[in-house]
$ cat protein-v4.cif   # mmCIF, C-alpha atoms
data_protein
loop_
_atom_site.label_atom_id
_atom_site.label_comp_id
_atom_site.auth_asym_id
_atom_site.auth_seq_id
_atom_site.Cartn_x
_atom_site.Cartn_y
_atom_site.Cartn_z
CA MET V 1 0.00 0.00 0.00
CA LYS V 2 1.54 3.29 -1.13
CA SER V 3 0.32 6.74 -0.20
CA GLN V 4 1.03 7.93 -3.76
CA ASP V 5 -1.93 5.83 -4.88
CA MET V 6 -4.32 7.18 -2.22
CA GLN V 7 -6.98 9.71 -3.14
CA VAL V 8 -6.55 13.11 -1.49
CA ILE V 9 -9.73 15.12 -1.02
CA GLY V 10 -10.27 18.43 0.75
CA LEU V 11 -13.49 20.21 1.67
CA CYS V 12 -14.12 23.93 2.04
CA ARG V 13 -17.43 25.46 3.14
CA PHE V 14 -17.89 28.77 1.33
CA SER V 15 -20.69 30.58 3.18
CA TYR V 16 -22.81 27.42 3.28
CA PRO V 17 -25.93 27.95 5.46
CA ALA V 18 -25.67 24.74 7.44
CA ILE V 19 -28.06 23.85 10.21
CA GLY V 20 -25.57 23.78 13.07
CA GLY V 21 -21.81 23.91 12.57
CA PHE V 22 -21.42 27.55 13.61
CA GLN V 23 -20.05 28.67 16.96
CA VAL V 24 -22.58 31.50 16.93
CA GLU V 25 -26.07 30.35 16.05
CA HIS V 26 -28.91 32.31 14.47
CA GLU V 27 -32.55 32.14 15.44
CA THR V 28 -33.80 31.41 11.92
CA LEU V 29 -32.43 30.26 8.60
CA GLU V 30 -33.33 33.63 7.14
CA GLU V 31 -31.15 35.37 9.74
CA ARG V 32 -28.26 33.06 8.90
CA ARG V 33 -28.61 33.73 5.18
CA ALA V 34 -28.78 37.48 5.81
CA TYR V 35 -25.57 37.28 7.84
CA LEU V 36 -23.71 35.01 5.42
CA TYR V 37 -24.66 36.87 2.24
CA SER V 38 -24.34 40.45 3.45
CA ASP V 39 -22.35 42.46 0.93
CA LYS V 40 -19.66 43.47 3.43
CA ARG V 41 -19.03 39.90 4.58
CA MET V 42 -19.05 38.40 1.10
CA GLU V 43 -16.62 40.98 -0.23
CA GLU V 44 -14.18 40.05 2.52
CA ARG V 45 -14.72 36.33 1.91
CA PHE V 46 -13.87 36.75 -1.75
CA ARG V 47 -10.80 38.90 -1.04
CA THR V 48 -9.36 36.36 1.39
CA PHE V 49 -10.30 33.37 -0.77
CA GLU V 50 -8.63 34.87 -3.83
CA THR V 51 -5.47 36.25 -2.21
CA ILE V 52 -4.85 33.79 0.65
CA THR V 53 -6.65 30.48 0.12
CA LEU V 54 -6.49 29.69 -3.58
CA PRO V 55 -2.88 30.64 -4.48
CA GLY V 56 -1.27 27.92 -2.36
CA LEU V 57 -3.75 25.28 -3.49
CA LYS V 58 -3.21 26.15 -7.14
CA ALA V 59 0.58 25.97 -6.63
CA GLN V 60 0.70 22.55 -4.94
CA THR V 61 3.80 20.54 -5.73
CA ASP V 62 1.52 17.47 -5.90
CA GLN V 63 -1.41 18.37 -8.13
CA ASN V 64 -3.21 15.05 -7.66
CA PHE V 65 -6.01 16.01 -5.29
CA THR V 66 -9.66 17.08 -5.23
CA PHE V 67 -10.85 20.29 -3.59
CA VAL V 68 -14.60 20.45 -2.98
CA ILE V 69 -16.12 23.89 -2.35
CA VAL V 70 -19.54 23.64 -0.71
CA ILE V 71 -22.03 26.45 -1.25
CA GLY V 72 -25.72 26.91 -0.56
CA GLU V 73 -28.24 26.59 -3.37
CA CYS V 74 -29.58 29.92 -2.11
CA MET V 75 -26.31 31.79 -2.68
CA PRO V 76 -26.98 34.85 -4.85
CA GLU V 77 -26.22 34.16 -8.51
CA ASN V 78 -23.65 36.96 -8.82
CA TYR V 79 -21.55 35.35 -6.10
CA ILE V 80 -21.84 31.90 -7.67
CA GLU V 81 -20.61 33.27 -11.00
CA ARG V 82 -17.75 35.05 -9.25
CA LEU V 83 -16.72 31.86 -7.47
CA PHE V 84 -16.70 29.83 -10.69
CA ALA V 85 -14.53 32.51 -12.28
CA LEU V 86 -11.97 32.25 -9.47
CA ILE V 87 -11.46 28.50 -9.93
CA GLU V 88 -11.31 28.60 -13.71
CA GLY V 89 -8.16 26.75 -14.73
CA MET V 90 -8.02 24.81 -11.44
CA PRO V 91 -9.03 21.25 -12.38
CA GLN V 92 -8.86 20.05 -8.78
CA ALA V 93 -11.68 22.38 -7.69
CA LEU V 94 -15.31 21.29 -7.69
CA ILE V 95 -18.25 23.43 -6.54
CA VAL V 96 -21.14 21.56 -4.92
CA ALA V 97 -24.39 23.38 -4.12
CA LYS V 98 -26.67 22.01 -1.41
CA PRO V 99 -29.84 23.17 0.36
CA PRO V 100 -29.50 23.90 4.09
CA LYS V 101 -28.97 20.63 5.96
CA ALA V 102 -27.54 19.44 9.26
CA HIS V 103 -23.84 20.28 9.16
CA ARG V 104 -21.99 17.02 9.88
CA PRO V 105 -24.26 14.65 7.89
CA VAL V 106 -24.25 16.80 4.75
CA MET V 107 -20.47 17.30 4.83
CA GLN V 108 -20.03 13.55 5.29
CA GLU V 109 -22.33 12.95 2.32
CA ILE V 110 -20.40 15.37 0.11
CA ILE V 111 -16.97 13.95 0.93
CA ASN V 112 -18.10 10.36 0.44
CA ALA V 113 -19.69 11.29 -2.89
CA GLY V 114 -16.30 12.58 -4.01
CA ILE V 115 -14.38 9.46 -2.98
CA ASP V 116 -13.74 6.56 -5.33
CA GLN V 117 -15.81 3.93 -3.55
CA ASP V 118 -14.25 1.16 -5.66
CA SER V 119 -10.79 1.87 -4.27
CA LYS V 120 -9.41 -0.56 -1.69
CA LEU V 121 -7.01 2.08 -0.39
CA PRO V 122 -7.59 4.62 2.39
CA SER V 123 -8.45 8.16 1.38
CA LEU V 124 -6.54 11.16 2.70
CA GLN V 125 -8.95 13.91 3.71
CA PHE V 126 -8.50 17.47 4.88
CA ARG V 127 -10.76 20.34 5.85
CA HIS V 128 -10.12 23.93 4.87
CA ASP V 129 -11.65 27.30 5.70
CA ASP V 130 -12.12 29.96 3.03
CA ASP V 131 -9.70 32.41 4.66
CA ASP V 132 -6.87 29.99 5.46
CA ALA V 133 -3.87 28.79 3.43
CA VAL V 134 -1.65 25.74 3.33
CA SER V 135 1.94 25.55 2.18
CA ILE V 136 2.53 24.70 -1.47
CA ASP V 137 3.82 21.24 -0.47
CA PHE V 138 0.89 20.35 1.79
CA VAL V 139 -0.52 17.55 -0.38
CA GLU V 140 2.99 16.17 -0.92
CA ARG V 141 3.68 16.26 2.83
CA LEU V 142 0.29 14.71 3.61
CA ARG V 143 1.10 11.75 1.39
CA ALA V 144 4.59 11.45 2.92
CA ALA V 145 3.11 11.51 6.42
CA ALA V 146 0.70 8.74 5.46
CA GLN V 147 3.61 6.69 4.14
CA ASP V 148 5.50 7.29 7.41
CA SER V 149 2.52 5.81 9.29
CA ILE V 150 1.50 3.10 6.85
CA GLY V 151 1.49 0.37 9.51
CA LEU V 152 -0.73 2.41 11.80
CA ILE V 153 -3.07 3.27 8.91
CA LYS V 154 -3.41 -0.41 7.96
CA ARG V 155 -4.49 -1.26 11.52
CA SER V 156 -6.86 1.68 12.07
CA ARG V 157 -10.19 2.88 10.75
CA THR V 158 -9.03 6.50 10.93
CA VAL V 159 -5.71 8.21 11.67
CA GLY V 160 -5.25 11.95 12.19
CA ILE V 161 -2.33 13.77 10.56
CA ASP V 162 -1.64 17.12 12.19
CA PHE V 163 0.76 19.75 10.89
CA ASN V 164 0.54 22.14 13.79
CA ARG V 165 3.06 24.89 13.02
CA GLY V 166 2.09 27.91 10.96
CA TYR V 167 1.02 31.53 11.17
CA SER V 168 -1.93 33.59 12.27
CA ALA V 169 -2.30 36.39 9.76
CA LEU V 170 -4.42 39.45 9.09
CA PRO V 171 -4.58 40.92 5.57
CA THR V 172 -4.65 44.74 5.48
CA SER V 173 -4.19 47.59 3.04
CA LEU V 174 -0.56 47.80 4.24
CA GLY V 175 0.14 44.13 3.64
CA LEU V 176 -0.01 41.01 5.76
CA GLN V 177 0.34 41.11 9.53
CA ALA V 178 1.37 37.77 11.02
CA GLU V 179 2.97 35.83 13.84
CA GLU V 180 4.20 32.25 14.00
CA VAL V 181 2.03 29.91 16.08
CA VAL V 182 1.73 26.27 17.08
CA LEU V 183 -1.92 25.20 17.15
CA PRO V 184 -2.47 21.50 17.88
CA SER V 185 -5.41 19.90 16.07
CA TYR V 186 -6.50 23.12 14.44
CA GLY V 187 -8.78 23.23 11.43
CA VAL V 188 -6.07 23.96 8.85
CA ALA V 189 -3.28 21.66 7.62
CA LEU V 190 -5.09 18.92 9.52
CA GLY V 191 -5.63 15.68 7.65
CA MET V 192 -7.06 12.24 8.25
CA ALA V 193 -6.46 8.85 6.68
CA VAL V 194 -9.75 6.96 6.35
CA LYS V 195 -9.88 3.24 5.64
CA ALA V 196 -11.80 2.21 2.51
CA GLY V 197 -15.43 1.47 3.34
CA VAL V 198 -15.51 3.65 6.46
CA SER V 199 -18.29 6.21 6.15
CA GLN V 200 -17.01 8.67 8.76
CA THR V 201 -15.06 11.61 7.36
CA ILE V 202 -12.85 14.34 8.73
CA MET V 203 -15.97 16.54 8.97
CA ASN V 204 -17.59 14.14 11.45
CA TYR V 205 -15.19 15.24 14.17
CA ALA V 206 -14.58 18.52 15.96
CA HIS V 207 -11.04 19.32 14.87
CA LYS V 208 -9.80 20.09 18.40
CA LYS V 209 -11.03 16.68 19.55
CA LEU V 210 -9.59 14.66 16.69
CA SER V 211 -6.85 13.14 18.84
CA GLN V 212 -9.46 12.04 21.38
CA ASN V 213 -11.12 9.84 18.79
CA MET V 214 -8.26 8.24 16.90
CA PRO V 215 -4.48 7.81 16.83
CA THR V 216 -2.86 10.98 15.54
CA VAL V 217 0.62 11.73 14.24
CA THR V 218 1.94 15.27 14.61
CA TYR V 219 4.52 17.22 12.62
CA THR V 220 5.86 20.51 13.93
CA ASP V 221 9.07 20.87 11.92
CA THR V 222 8.12 23.71 9.58
CA PRO V 223 5.24 26.15 9.01
CA MET V 224 2.51 24.48 7.00
CA PHE V 225 -0.42 26.87 7.23
CA VAL V 226 -1.65 30.43 7.45
CA ARG V 227 -4.69 30.87 9.65
CA GLY V 228 -6.78 33.81 8.52
CA HIS V 229 -7.63 36.28 11.26
CA ASN V 230 -10.42 38.74 10.56
CA ASP V 231 -13.63 40.21 11.92
CA PHE V 232 -15.80 37.58 10.23
CA ASN V 233 -14.06 34.53 11.74
CA ASP V 234 -16.84 32.42 13.20
CA SER V 235 -14.77 32.02 16.37
CA ARG V 236 -14.57 35.79 16.76
CA GLN V 237 -18.28 36.51 16.79
CA LYS V 238 -18.69 35.91 20.52
CA ALA V 239 -18.41 38.61 23.16
CA ASN V 240 -15.20 39.39 25.07
CA ILE V 241 -12.84 38.12 22.35
CA LYS V 242 -9.38 39.55 23.01
CA PRO V 243 -7.69 41.41 20.15
CA VAL V 244 -4.58 39.75 18.72
CA GLU V 245 -1.46 41.81 18.06
CA LEU V 246 0.21 40.85 14.78
CA ASP V 247 3.29 42.44 13.21
CA LEU V 248 3.41 43.66 9.62
CA LEU V 249 5.64 41.46 7.47
CA VAL V 250 8.93 42.99 6.38
CA ALA V 251 10.25 42.50 2.82
CA GLU V 252 12.20 39.32 3.62
CA GLN V 253 9.13 37.76 5.25
CA GLU V 254 6.94 38.74 2.31
CA THR V 255 9.33 36.85 0.03
CA TYR V 256 9.11 33.82 2.31
CA PHE V 257 5.29 33.88 2.33
CA LYS V 258 5.26 34.05 -1.46
CA GLU V 259 7.64 31.09 -1.75
CA ARG V 260 6.05 29.01 1.00
CA PHE V 261 2.34 29.79 0.59
CA ALA V 262 2.14 31.56 -2.80
CA ILE V 263 0.69 34.56 -0.95
CA ASP V 264 1.62 37.77 -2.75
CA SER V 265 1.70 40.77 -0.40
CA ASP V 266 1.28 43.16 -3.33
CA GLU V 267 -1.98 41.41 -4.19
CA ILE V 268 -3.02 41.65 -0.52
CA ARG V 269 -2.38 45.40 -0.53
CA LYS V 270 -4.23 45.84 -3.81
CA ALA V 271 -7.25 43.85 -2.71
CA PHE V 272 -7.57 45.35 0.74
CA SER V 273 -6.79 48.92 -0.29
CA SER V 274 -9.84 48.82 -2.52
CA ALA V 275 -12.04 47.47 0.31
CA GLY V 276 -14.99 49.71 0.93
#
$ encode --input "protein-v4.cif" --output "structure tokens"
Amino acid sequence: MKSQDMQVIGLCRFSYPAIGGFQVEHETLEERRAYLYSDKRMEERFRTFETITLPGLKAQTDQNFTFVIVIGECMPENYIERLFALIEGMPQALIVAKPPKAHRPVMQEIINAGIDQDSKLPSLQFRHDDDDAVSIDFVERLRAAAQDSIGLIKRSRTVGIDFNRGYSALPTSLGLQAEEVVLPSYGVALGMAVKAGVSQTIMNYAHKKLSQNMPTVTYTDTPMFVRGHNDFNDSRQKANIKPVELDLLVAEQETYFKERFAIDSDEIRKAFSSAG
């Protein structure tokens, strides 16, 4: 069994109005839609998705993966067209539209629909938020990590693969502000090997509790992710959230971010200078 032959599939929820799955709930589905599709929020989602999320995925050193973007069937048509335009020329990307459903079951359904059910090999799954980034070698490293743990994967239904070193970052009109962090079992650069025939997916588990439900291998050798930090983070909608101080990248760091994550600080400045 070789990891090079395993299917790699990632899932990203792009303003999908799930029933549940948000840290801050809304009283009605209409309220959730109004929040998700407000012009101000959607403009920021598109800016971060275009300048932070997609560049690193498009530049992967291993291009053999699937990236499923989940949207609501009720998403306004202008945003759907804009999203399709952003992934033009990215064969790995697939947009799936669903009506509002319970969060974990519908995400499980979508991932399993994208997996080759005839394969006898485990799949390698990862979750991804629409304002986060992974390093350009993430898929390559995910496969290598699976190969490192091939014996464990053969014996287990599911195995977590956690790359826990990266950056928290805030895009601004001046460029990217960031600091290096170590975040165990966070929702970015976190993968899972799933045995063929097992219906549970990475979206069936709260990411911070992944290691409580399965054996997990952890890599902390080099930064593997950029965690987006902005006013519309779901985790920042609660009261009494402390502000985070991040330093503006200097020229040498901007070069590193471009090489490591394909994040172009000039594009960040351009996009966020035009923010209304």
$ resolve_selection --input "protein-v4.cif" --expression "the PyMOL selection byres ((chain V and resi 9-20) around 9)" --output "PDB file with C-alpha atoms, in the coordinates of the input"
ATOM      1  CA  GLN V   7      -6.980   9.710  -3.140  1.00  0.00           C
ATOM      2  CA  VAL V   8      -6.550  13.110  -1.490  1.00  0.00           C
ATOM      3  CA  GLY V  21     -21.810  23.910  12.570  1.00  0.00           C
ATOM      4  CA  PHE V  22     -21.420  27.550  13.610  1.00  0.00           C
ATOM      5  CA  GLN V  23     -20.050  28.670  16.960  1.00  0.00           C
ATOM      6  CA  GLU V  25     -26.070  30.350  16.050  1.00  0.00           C
ATOM      7  CA  LEU V  29     -32.430  30.260   8.600  1.00  0.00           C
ATOM      8  CA  ARG V  32     -28.260  33.060   8.900  1.00  0.00           C
ATOM      9  CA  ARG V  33     -28.610  33.730   5.180  1.00  0.00           C
ATOM     10  CA  LEU V  36     -23.710  35.010   5.420  1.00  0.00           C
ATOM     11  CA  TYR V  37     -24.660  36.870   2.240  1.00  0.00           C
ATOM     12  CA  MET V  42     -19.050  38.400   1.100  1.00  0.00           C
ATOM     13  CA  ARG V  45     -14.720  36.330   1.910  1.00  0.00           C
ATOM     14  CA  PHE V  65      -6.010  16.010  -5.290  1.00  0.00           C
ATOM     15  CA  THR V  66      -9.660  17.080  -5.230  1.00  0.00           C
ATOM     16  CA  PHE V  67     -10.850  20.290  -3.590  1.00  0.00           C
ATOM     17  CA  VAL V  68     -14.600  20.450  -2.980  1.00  0.00           C
ATOM     18  CA  ILE V  69     -16.120  23.890  -2.350  1.00  0.00           C
ATOM     19  CA  VAL V  70     -19.540  23.640  -0.710  1.00  0.00           C
ATOM     20  CA  ILE V  71     -22.030  26.450  -1.250  1.00  0.00           C
ATOM     21  CA  GLY V  72     -25.720  26.910  -0.560  1.00  0.00           C
ATOM     22  CA  GLU V  73     -28.240  26.590  -3.370  1.00  0.00           C
ATOM     23  CA  CYS V  74     -29.580  29.920  -2.110  1.00  0.00           C
ATOM     24  CA  MET V  75     -26.310  31.790  -2.680  1.00  0.00           C
ATOM     25  CA  ALA V  97     -24.390  23.380  -4.120  1.00  0.00           C
ATOM     26  CA  LYS V  98     -26.670  22.010  -1.410  1.00  0.00           C
ATOM     27  CA  PRO V  99     -29.840  23.170   0.360  1.00  0.00           C
ATOM     28  CA  PRO V 100     -29.500  23.900   4.090  1.00  0.00           C
ATOM     29  CA  LYS V 101     -28.970  20.630   5.960  1.00  0.00           C
ATOM     30  CA  ALA V 102     -27.540  19.440   9.260  1.00  0.00           C
ATOM     31  CA  HIS V 103     -23.840  20.280   9.160  1.00  0.00           C
ATOM     32  CA  ARG V 104     -21.990  17.020   9.880  1.00  0.00           C
ATOM     33  CA  VAL V 106     -24.250  16.800   4.750  1.00  0.00           C
ATOM     34  CA  MET V 107     -20.470  17.300   4.830  1.00  0.00           C
ATOM     35  CA  ILE V 110     -20.400  15.370   0.110  1.00  0.00           C
ATOM     36  CA  ILE V 111     -16.970  13.950   0.930  1.00  0.00           C
ATOM     37  CA  GLY V 114     -16.300  12.580  -4.010  1.00  0.00           C
ATOM     38  CA  ILE V 115     -14.380   9.460  -2.980  1.00  0.00           C
ATOM     39  CA  SER V 123      -8.450   8.160   1.380  1.00  0.00           C
ATOM     40  CA  LEU V 124      -6.540  11.160   2.700  1.00  0.00           C
ATOM     41  CA  GLN V 125      -8.950  13.910   3.710  1.00  0.00           C
ATOM     42  CA  PHE V 126      -8.500  17.470   4.880  1.00  0.00           C
ATOM     43  CA  ARG V 127     -10.760  20.340   5.850  1.00  0.00           C
ATOM     44  CA  HIS V 128     -10.120  23.930   4.870  1.00  0.00           C
ATOM     45  CA  ASP V 129     -11.650  27.300   5.700  1.00  0.00           C
ATOM     46  CA  ASP V 130     -12.120  29.960   3.030  1.00  0.00           C
ATOM     47  CA  GLY V 191      -5.630  15.680   7.650  1.00  0.00           C
ATOM     48  CA  MET V 203     -15.970  16.540   8.970  1.00  0.00           C
TER      49      MET V 203
END
$ resolve_selection --input "protein-v4.cif" --expression "the PyMOL selection byres ((chain V and resi 44) around 12)" --output "VMD selection string"
chain V and resid 14 to 15 36 to 43 45 to 52 130 to 131 170 to 172 228 to 233 268 271 to 276
$ resolve_selection --input "protein-v4.cif" --expression "the PyMOL selection byres ((chain V and resi 149) around 12)" --output "PDB file with C-alpha atoms, in the frame of the given file"
ATOM      1  CA  MET V   1       0.000   0.000   0.000  1.00  0.00           C
ATOM      2  CA  LYS V   2       1.540   3.290  -1.130  1.00  0.00           C
ATOM      3  CA  SER V   3       0.320   6.740  -0.200  1.00  0.00           C
ATOM      4  CA  LEU V 142       0.290  14.710   3.610  1.00  0.00           C
ATOM      5  CA  ARG V 143       1.100  11.750   1.390  1.00  0.00           C
ATOM      6  CA  ALA V 144       4.590  11.450   2.920  1.00  0.00           C
ATOM      7  CA  ALA V 145       3.110  11.510   6.420  1.00  0.00           C
ATOM      8  CA  ALA V 146       0.700   8.740   5.460  1.00  0.00           C
ATOM      9  CA  GLN V 147       3.610   6.690   4.140  1.00  0.00           C
ATOM     10  CA  ASP V 148       5.500   7.290   7.410  1.00  0.00           C
ATOM     11  CA  ILE V 150       1.500   3.100   6.850  1.00  0.00           C
ATOM     12  CA  GLY V 151       1.490   0.370   9.510  1.00  0.00           C
ATOM     13  CA  LEU V 152      -0.730   2.410  11.800  1.00  0.00           C
ATOM     14  CA  ILE V 153      -3.070   3.270   8.910  1.00  0.00           C
ATOM     15  CA  LYS V 154      -3.410  -0.410   7.960  1.00  0.00           C
ATOM     16  CA  ARG V 155      -4.490  -1.260  11.520  1.00  0.00           C
ATOM     17  CA  SER V 156      -6.860   1.680  12.070  1.00  0.00           C
ATOM     18  CA  THR V 158      -9.030   6.500  10.930  1.00  0.00           C
ATOM     19  CA  VAL V 159      -5.710   8.210  11.670  1.00  0.00           C
ATOM     20  CA  GLY V 160      -5.250  11.950  12.190  1.00  0.00           C
ATOM     21  CA  ILE V 161      -2.330  13.770  10.560  1.00  0.00           C
ATOM     22  CA  MET V 192      -7.060  12.240   8.250  1.00  0.00           C
ATOM     23  CA  ALA V 193      -6.460   8.850   6.680  1.00  0.00           C
ATOM     24  CA  PRO V 215      -4.480   7.810  16.830  1.00  0.00           C
ATOM     25  CA  THR V 216      -2.860  10.980  15.540  1.00  0.00           C
ATOM     26  CA  VAL V 217       0.620  11.730  14.240  1.00  0.00           C
ATOM     27  CA  THR V 218       1.940  15.270  14.610  1.00  0.00           C
TER      28      THR V 218
END
$ closest_residue --input "protein-v4.cif" --among "V:Ile87, V:Ala59, V:Val250, V:Ala206" --to "Leu174 (chain V)" --atoms "all atoms listed in the file"
V:Val250
$ residues_around --input "protein-v4.cif" --residues "Ala251 (chain V)" --least-positions-apart "3" --cutoff "12 Å" --atoms "all atoms listed in the file" --output "ChimeraX atom specification"
/V:175-176,248,254-258,264-266
$ atom_distance --input "protein-v4.cif" --atom1 "CA of Asn64 (chain V)" --atom2 "CA of Ile95 (chain V)"
17.3 Å
$ atom_distance --input "protein-v4.cif" --atom1 "CA of Phe163 (chain V)" --atom2 "CA of Glu180 (chain V)"
13.3 Å
$ decode --input "protein-v4.cif" --residues "region 58-77 of chain V" --atoms "N, CA, C and O atoms" --output "PDB file, in the first residue's frame"
ATOM      1  N   LYS V  58      -3.509  26.213  -5.709  1.00  0.00           N
ATOM      2  CA  LYS V  58      -3.211  26.149  -7.143  1.00  0.00           C
ATOM      3  C   LYS V  58      -1.748  25.807  -7.403  1.00  0.00           C
ATOM      4  O   LYS V  58      -1.411  25.246  -8.449  1.00  0.00           O
ATOM      5  N   ALA V  59      -0.864  26.155  -6.442  1.00  0.00           N
ATOM      6  CA  ALA V  59       0.578  25.973  -6.633  1.00  0.00           C
ATOM      7  C   ALA V  59       1.106  24.693  -5.985  1.00  0.00           C
ATOM      8  O   ALA V  59       2.323  24.530  -5.857  1.00  0.00           O
ATOM      9  N   GLN V  60       0.244  23.762  -5.618  1.00  0.00           N
ATOM     10  CA  GLN V  60       0.697  22.553  -4.942  1.00  0.00           C
ATOM     11  C   GLN V  60       1.736  21.792  -5.753  1.00  0.00           C
ATOM     12  O   GLN V  60       1.606  21.622  -6.967  1.00  0.00           O
ATOM     13  N   THR V  61       2.767  21.334  -5.078  1.00  0.00           N
ATOM     14  CA  THR V  61       3.799  20.540  -5.735  1.00  0.00           C
ATOM     15  C   THR V  61       3.270  19.178  -6.168  1.00  0.00           C
ATOM     16  O   THR V  61       3.806  18.568  -7.085  1.00  0.00           O
ATOM     17  N   ASP V  62       2.233  18.685  -5.495  1.00  0.00           N
ATOM     18  CA  ASP V  62       1.522  17.469  -5.896  1.00  0.00           C
ATOM     19  C   ASP V  62       0.123  17.910  -6.309  1.00  0.00           C
ATOM     20  O   ASP V  62      -0.692  18.298  -5.480  1.00  0.00           O
ATOM     21  N   GLN V  63      -0.158  17.855  -7.594  1.00  0.00           N
ATOM     22  CA  GLN V  63      -1.414  18.366  -8.133  1.00  0.00           C
ATOM     23  C   GLN V  63      -2.532  17.319  -8.143  1.00  0.00           C
ATOM     24  O   GLN V  63      -3.648  17.617  -8.588  1.00  0.00           O
ATOM     25  N   ASN V  64      -2.249  16.142  -7.626  1.00  0.00           N
ATOM     26  CA  ASN V  64      -3.214  15.049  -7.664  1.00  0.00           C
ATOM     27  C   ASN V  64      -4.091  15.064  -6.407  1.00  0.00           C
ATOM     28  O   ASN V  64      -3.853  14.323  -5.455  1.00  0.00           O
ATOM     29  N   PHE V  65      -5.083  15.936  -6.404  1.00  0.00           N
ATOM     30  CA  PHE V  65      -6.015  16.011  -5.288  1.00  0.00           C
ATOM     31  C   PHE V  65      -7.322  16.612  -5.781  1.00  0.00           C
ATOM     32  O   PHE V  65      -7.395  17.175  -6.872  1.00  0.00           O
ATOM     33  N   THR V  66      -8.353  16.487  -4.952  1.00  0.00           N
ATOM     34  CA  THR V  66      -9.657  17.077  -5.230  1.00  0.00           C
ATOM     35  C   THR V  66      -9.972  18.090  -4.138  1.00  0.00           C
ATOM     36  O   THR V  66      -9.732  17.830  -2.960  1.00  0.00           O
ATOM     37  N   PHE V  67     -10.505  19.241  -4.544  1.00  0.00           N
ATOM     38  CA  PHE V  67     -10.851  20.292  -3.593  1.00  0.00           C
ATOM     39  C   PHE V  67     -12.314  20.660  -3.812  1.00  0.00           C
ATOM     40  O   PHE V  67     -12.665  21.272  -4.819  1.00  0.00           O
ATOM     41  N   VAL V  68     -13.154  20.242  -2.871  1.00  0.00           N
ATOM     42  CA  VAL V  68     -14.598  20.449  -2.985  1.00  0.00           C
ATOM     43  C   VAL V  68     -14.994  21.718  -2.237  1.00  0.00           C
ATOM     44  O   VAL V  68     -14.702  21.865  -1.047  1.00  0.00           O
ATOM     45  N   ILE V  69     -15.650  22.626  -2.938  1.00  0.00           N
ATOM     46  CA  ILE V  69     -16.123  23.885  -2.350  1.00  0.00           C
ATOM     47  C   ILE V  69     -17.641  23.784  -2.211  1.00  0.00           C
ATOM     48  O   ILE V  69     -18.360  23.646  -3.203  1.00  0.00           O
ATOM     49  N   VAL V  70     -18.116  23.825  -0.980  1.00  0.00           N
ATOM     50  CA  VAL V  70     -19.537  23.644  -0.709  1.00  0.00           C
ATOM     51  C   VAL V  70     -20.216  25.001  -0.555  1.00  0.00           C
ATOM     52  O   VAL V  70     -19.789  25.828   0.258  1.00  0.00           O
ATOM     53  N   ILE V  71     -21.266  25.218  -1.330  1.00  0.00           N
ATOM     54  CA  ILE V  71     -22.035  26.454  -1.248  1.00  0.00           C
ATOM     55  C   ILE V  71     -23.508  26.115  -1.047  1.00  0.00           C
ATOM     56  O   ILE V  71     -23.924  24.971  -1.242  1.00  0.00           O
ATOM     57  N   GLY V  72     -24.284  27.102  -0.679  1.00  0.00           N
ATOM     58  CA  GLY V  72     -25.719  26.911  -0.561  1.00  0.00           C
ATOM     59  C   GLY V  72     -26.411  27.138  -1.896  1.00  0.00           C
ATOM     60  O   GLY V  72     -26.000  27.986  -2.696  1.00  0.00           O
ATOM     61  N   GLU V  73     -27.449  26.376  -2.152  1.00  0.00           N
ATOM     62  CA  GLU V  73     -28.238  26.589  -3.370  1.00  0.00           C
ATOM     63  C   GLU V  73     -28.846  27.985  -3.396  1.00  0.00           C
ATOM     64  O   GLU V  73     -29.186  28.503  -4.470  1.00  0.00           O
ATOM     65  N   CYS V  74     -28.977  28.592  -2.218  1.00  0.00           N
ATOM     66  CA  CYS V  74     -29.579  29.916  -2.113  1.00  0.00           C
ATOM     67  C   CYS V  74     -28.565  31.046  -2.254  1.00  0.00           C
ATOM     68  O   CYS V  74     -28.931  32.222  -2.138  1.00  0.00           O
ATOM     69  N   MET V  75     -27.297  30.729  -2.509  1.00  0.00           N
ATOM     70  CA  MET V  75     -26.310  31.786  -2.681  1.00  0.00           C
ATOM     71  C   MET V  75     -26.700  32.650  -3.882  1.00  0.00           C
ATOM     72  O   MET V  75     -27.058  32.126  -4.940  1.00  0.00           O
ATOM     73  N   PRO V  76     -26.642  33.976  -3.722  1.00  0.00           N
ATOM     74  CA  PRO V  76     -26.980  34.851  -4.851  1.00  0.00           C
ATOM     75  C   PRO V  76     -26.164  34.521  -6.102  1.00  0.00           C
ATOM     76  O   PRO V  76     -24.977  34.203  -6.013  1.00  0.00           O
ATOM     77  N   GLU V  77     -26.811  34.601  -7.249  1.00  0.00           N
ATOM     78  CA  GLU V  77     -26.216  34.165  -8.508  1.00  0.00           C
ATOM     79  C   GLU V  77     -24.927  34.915  -8.836  1.00  0.00           C
ATOM     80  O   GLU V  77     -23.986  34.334  -9.386  1.00  0.00           O
TER      81      GLU V  77
END
